[in-house]
Amino acid sequence: MKITEEMVDYVSILARLKLPQEEKTRMTGELEQILAYMDVLDGLDTSGVEPMSHVFPLKNVLRSDEVVPSGDRAELLANAPVPDEAAFLVPKTVE
Amino acid sequence: MELWEFTALELGGLIQRGEVSPTQAAQVALDRMAAEQDRNNAFVTRLDGETVLAQAAEVEKRLAAGEKLSPLAGVPMALKDNICTKGVRTTCASKILGDFTPPYDATAAEKLKTAGGVLLGKLNLDEFAMGSTSETSYYGPTRNPWDLDRAPGGSSGGAAAAVAAGECWYAIGSDTGGSIRQPASYCGVTGLKPTYGSVSRYGLIAYASSLDQLGPLARSADDCAAVLELMAGKDRRDGTSLDAGWGSLTASLTGDLRGLRVGLPSDCFGEGLDQEVRAAVLSAADVLKARGAAVEEFSFPMMKYVVPTYYIIAAAEASSNLSRFDGVKYGWRAADYEDLTDLYEKTRTQGFGAEVKRRILLGTFVLSAGYYDAYYKKALQVKALIKKAYDEAFEKYDLLLTPVAPTTAPRLGESLGDPLKMYLSDIYTVPLNLAGLPGLSMPCGFDGQGLPIGAQLIGPALGEAKVLNAAHAFQLDTDYHRQSPVGKEAQAK
């Protein structure tokens, strides 16, 4: 499949990336090459095969609803690039 | 013999008998790290001497008080830098987590601490464990102790290099598509990727959650068994973790292979495989045979599909997992931004390296509307067929034997220019992650340039005891795993 810079732009928006032109050009070529190789899967008939997301059978497990200590607020905020004493700070999102 | 040449269990035994103190062992490790770090760059973060010696003194005190810790109590070890450690910086070898200090320990780290493990530091890797050479680290590449101009493999390159260079007696790596086994092979050490779920992933920074698994790298299969016993088990903080029910793994190392049926998938010995690697792996089969195993070739045509299936699934999960790195809750944030979207985009674009962005874009693409069915859903269907092919193989065989990688360690820089070529070199290791199976890489020879070659033993789900016993038997009759590169790398050129 032909991968265009427009397709890379679109996927970049979804992934919240904004590649500089030079990186975008290189990435477009590399993705085309990689995806062309993925097409080898087309040679395998998978009609009627159930997609497998997990190799072992898993089922939901319920636990009793007991309060246990969670992370300390100050300790968790210490890793934030821009916190105040109670929250993570970001630029204004709603006028 | 120097203390750092002993296996972890041998050192643990010396400590139990009071012949070596944990403080002495820690000092040896600190000296080895000081001598090697500038050469091989195995560590991203080294704990300072005082902190390491304080841990050793604590273990010494507990042992003196008669506490039963574990056969590895007091043995110095190190963790790959994508395993969270409370109070110790954990970078994933990325700029975006450069100043991240986890407020909690990964379950595996916690269990090793309880068992008397002495943590030396955090080991280098490919950024977010994405790579096969440890060259995509933001903190510079790790170098192969057997030849400093070559890559140690990846992504657990720092772990394999540190064990090979005698800087620690064992290390914990993570394996999503071969990241324990392939560097173990390139560096001449033993590495085990256990059955998916047997070690809790809590605190392992996720790359591809359905494939990620923690495991040990050490000199010997016995060491790997001992370390795995300490780490394994169901954990309420990881819903995919399970109780393996192995009993004692170390007790199952009898060396007796009589009646063992070993299959060689012929599709793993054909085109693209280096002749010296092929010969070394086949001679490993002869050693198993001499110990009573029955070895035969069989056809495994699914090999053709494993790499594309793996890279579609791994990239898809990575694109989702890495969306959490947004410059808000932890990690690095870009300096100048206009609004929230701009903050996200600049932080991620400048904070991630090229290989990580490539996989995020690839993963986002295969999950996007219009392409999901053709790529992602197709890959999940092929995964089901790959799993079925292994189920059938294990009806006939107890274990499979293959190479770990098509070649020995590449020169630094050789793989970076051609991502697809690098992906293809993962062919022998990735299918085990897709099928959730245990696999062990053990040293089985050297090529003409003196570089280590590895052989891979594959078992059925939860078949760790068989895998480890076969490797143990092999290591009873060979001494490849006892070879050290220290003082030898000049000859390896």
# chains A, B, ... in the order shown; residues from 1 in each chain; ligands from 1

$ residues_around --residues "B:Tyr372" --least-positions-apart "4" --cutoff "12 Å" --atoms "only C-alpha atoms" --output "ChimeraX atom specification"
/B:312-313,316,362-368,376-380

$ select_by_dssp --residues "chain A" --states "alpha helix (DSSP H)" --output "number ranges by chain"
A: 5-14, 21-38, 73-77

$ closest_residue --among "B:Gly191, B:Gly87, B:Pro145, B:Gly233" --to "chain A" --atoms "only C-alpha atoms"
B:Gly87

$ residues_around --residues "B:Arg411" --least-positions-apart "5" --cutoff "8 Å" --atoms "only C-alpha atoms" --output "PyMOL selection string"
chain B and resi 149-151

$ interface_residues --of "chain B" --to "chain A" --cutoff "6 Å" --atoms "only C-alpha atoms" --output "mmCIF file with C-alpha atoms, in the first residue's frame"
data_model
loop_
_atom_site.group_PDB
_atom_site.id
_atom_site.type_symbol
_atom_site.label_atom_id
_atom_site.label_comp_id
_atom_site.auth_asym_id
_atom_site.auth_seq_id
_atom_site.Cartn_x
_atom_site.Cartn_y
_atom_site.Cartn_z
ATOM 1 C CA PRO B 308 4.461 -9.270 10.949
ATOM 2 C CA LYS B 329 1.017 13.678 35.568
ATOM 3 C CA TYR B 330 4.694 12.678 35.562
ATOM 4 C CA ASP B 339 -2.590 25.250 24.581
ATOM 5 C CA LEU B 340 -3.225 21.755 25.916
ATOM 6 C CA GLU B 345 2.202 17.234 20.867
ATOM 7 C CA THR B 349 7.341 14.715 19.765
ATOM 8 C CA LEU B 380 -5.119 -11.535 16.140
ATOM 9 C CA GLN B 381 -6.469 -14.291 13.888
ATOM 10 C CA ALA B 384 -4.716 -17.889 17.158
#

$ select_by_dssp --residues "stretch 43-172 of chain B" --states "strand (DSSP E or B)" --output "list in words"
Phe43, Val44, Thr45, Arg46, Pro76, Met77, Ala78, Leu79, Lys80, Ile83, Thr85, Val88, Val118, Leu119, Leu120, Gly121, Lys122, Leu123, Asn144, Asp147, Arg150, Tyr170, Ala171 and Ile172 of chain B

$ atom_distance --atom1 "atom CA of B:Ser241" --atom2 "atom CA of B:Pro460"
17.1 Å

$ atom_distance --atom1 "atom CA of B:Trp146" --atom2 "atom CA of B:Pro485"
5.0 Å

$ atom_distance --atom1 "atom CA of B:Ala471" --atom2 "atom CA of B:Tyr170"
16.8 Å

$ residues_around --residues "B:Ala73" --least-positions-apart "2" --cutoff "12 Å" --atoms "only C-alpha atoms" --output "short mmCIF file (atom, residue, chain, number, x, y, z; two decimals) with C-alpha atoms, in the first residue's frame"
data_model
loop_
_atom_site.label_atom_id
_atom_site.label_comp_id
_atom_site.auth_asym_id
_atom_site.auth_seq_id
_atom_site.Cartn_x
_atom_site.Cartn_y
_atom_site.Cartn_z
CA ALA B 8 24.42 -16.44 42.00
CA LEU B 9 23.57 -19.71 43.80
CA GLU B 10 27.23 -20.42 44.48
CA LEU B 11 27.66 -16.96 45.99
CA GLY B 12 24.40 -17.40 47.90
CA GLY B 13 25.79 -20.66 49.32
CA LEU B 14 29.03 -18.97 50.42
CA ILE B 15 26.94 -16.31 52.15
CA GLN B 16 24.70 -18.90 53.88
CA ARG B 17 27.79 -20.68 55.18
CA GLY B 18 29.28 -17.43 56.41
CA VAL B 20 31.51 -14.46 52.35
CA SER B 21 29.51 -11.61 53.82
CA PRO B 22 26.86 -9.70 51.86
CA THR B 23 28.94 -6.56 52.43
CA ALA B 25 29.90 -9.32 47.85
CA ALA B 26 28.41 -5.84 47.47
CA GLN B 55 21.27 -2.81 52.04
CA ALA B 56 23.97 -5.49 52.35
CA ALA B 57 24.46 -4.68 56.05
CA GLU B 58 20.71 -4.98 56.58
CA VAL B 59 20.64 -8.44 54.97
CA GLU B 60 23.66 -9.40 57.06
CA LYS B 61 21.79 -8.38 60.19
CA ARG B 62 18.68 -10.34 59.21
CA LEU B 63 20.75 -13.44 58.45
CA ALA B 64 22.64 -13.08 61.74
CA GLU B 67 15.95 -15.15 59.51
CA LYS B 68 15.37 -17.61 56.67
CA LEU B 69 15.50 -15.33 53.63
CA SER B 70 16.28 -17.24 50.42
CA PRO B 71 19.17 -19.10 48.75
CA VAL B 75 23.51 -11.64 46.37
CA PRO B 76 23.84 -8.29 44.53
CA MET B 77 21.57 -7.83 41.54
CA LYS B 111 9.69 -9.76 46.24
CA LEU B 112 13.42 -9.79 45.53
CA LYS B 113 13.98 -7.20 48.24
CA THR B 114 12.05 -9.37 50.72
CA ALA B 115 14.17 -12.36 49.69
CA GLY B 116 17.34 -10.46 50.58
CA GLY B 117 18.31 -9.15 47.16
CA VAL B 118 20.78 -6.25 47.19
CA LEU B 119 19.93 -3.72 44.47
CA TRP B 169 25.24 -12.04 39.74
CA ALA B 226 16.23 -19.82 41.73
CA VAL B 227 15.45 -16.21 40.74
CA LEU B 230 11.49 -15.77 44.16
#

$ closest_residue --among "B:Gln350, B:Thr429, B:Ser209, B:Ser198" --to "B:Ala461" --atoms "only C-alpha atoms"
B:Ser198

$ residues_around --residues "B:Gly121" --least-positions-apart "4" --cutoff "8 Å" --atoms "only C-alpha atoms" --output "number ranges by chain"
B: 43-47, 77-79

$ write_last_selection --atoms "C-alpha atoms" --output "tab-separated table (two decimals), in the first residue's frame"
chain	number	residue	atom	x	y	z
B	43	PHE	CA	23.69	1.03	33.87
B	44	VAL	CA	21.47	4.07	33.48
B	45	THR	CA	21.53	4.64	37.25
B	46	ARG	CA	24.00	3.23	39.74
B	47	LEU	CA	23.07	3.47	43.41
B	77	MET	CA	21.57	-7.83	41.54
B	78	ALA	CA	20.22	-5.14	39.22
B	79	LEU	CA	16.95	-4.37	37.47

$ residues_around --residues "B:His472" --least-positions-apart "5" --cutoff "10 Å" --atoms "only C-alpha atoms" --output "list in words"
Ser220, Ala221, Asp222, Asp223, Ala225, Thr250, Ser252, Leu253, Thr254, Gly255, Asp256, Met442, Lys466, Val467, Asp477 and Thr478 of chain B

$ residues_around --residues "B:His481" --least-positions-apart "2" --cutoff "6 Å" --atoms "only C-alpha atoms" --output "PyMOL selection string"
chain B and resi 219+443+479+483
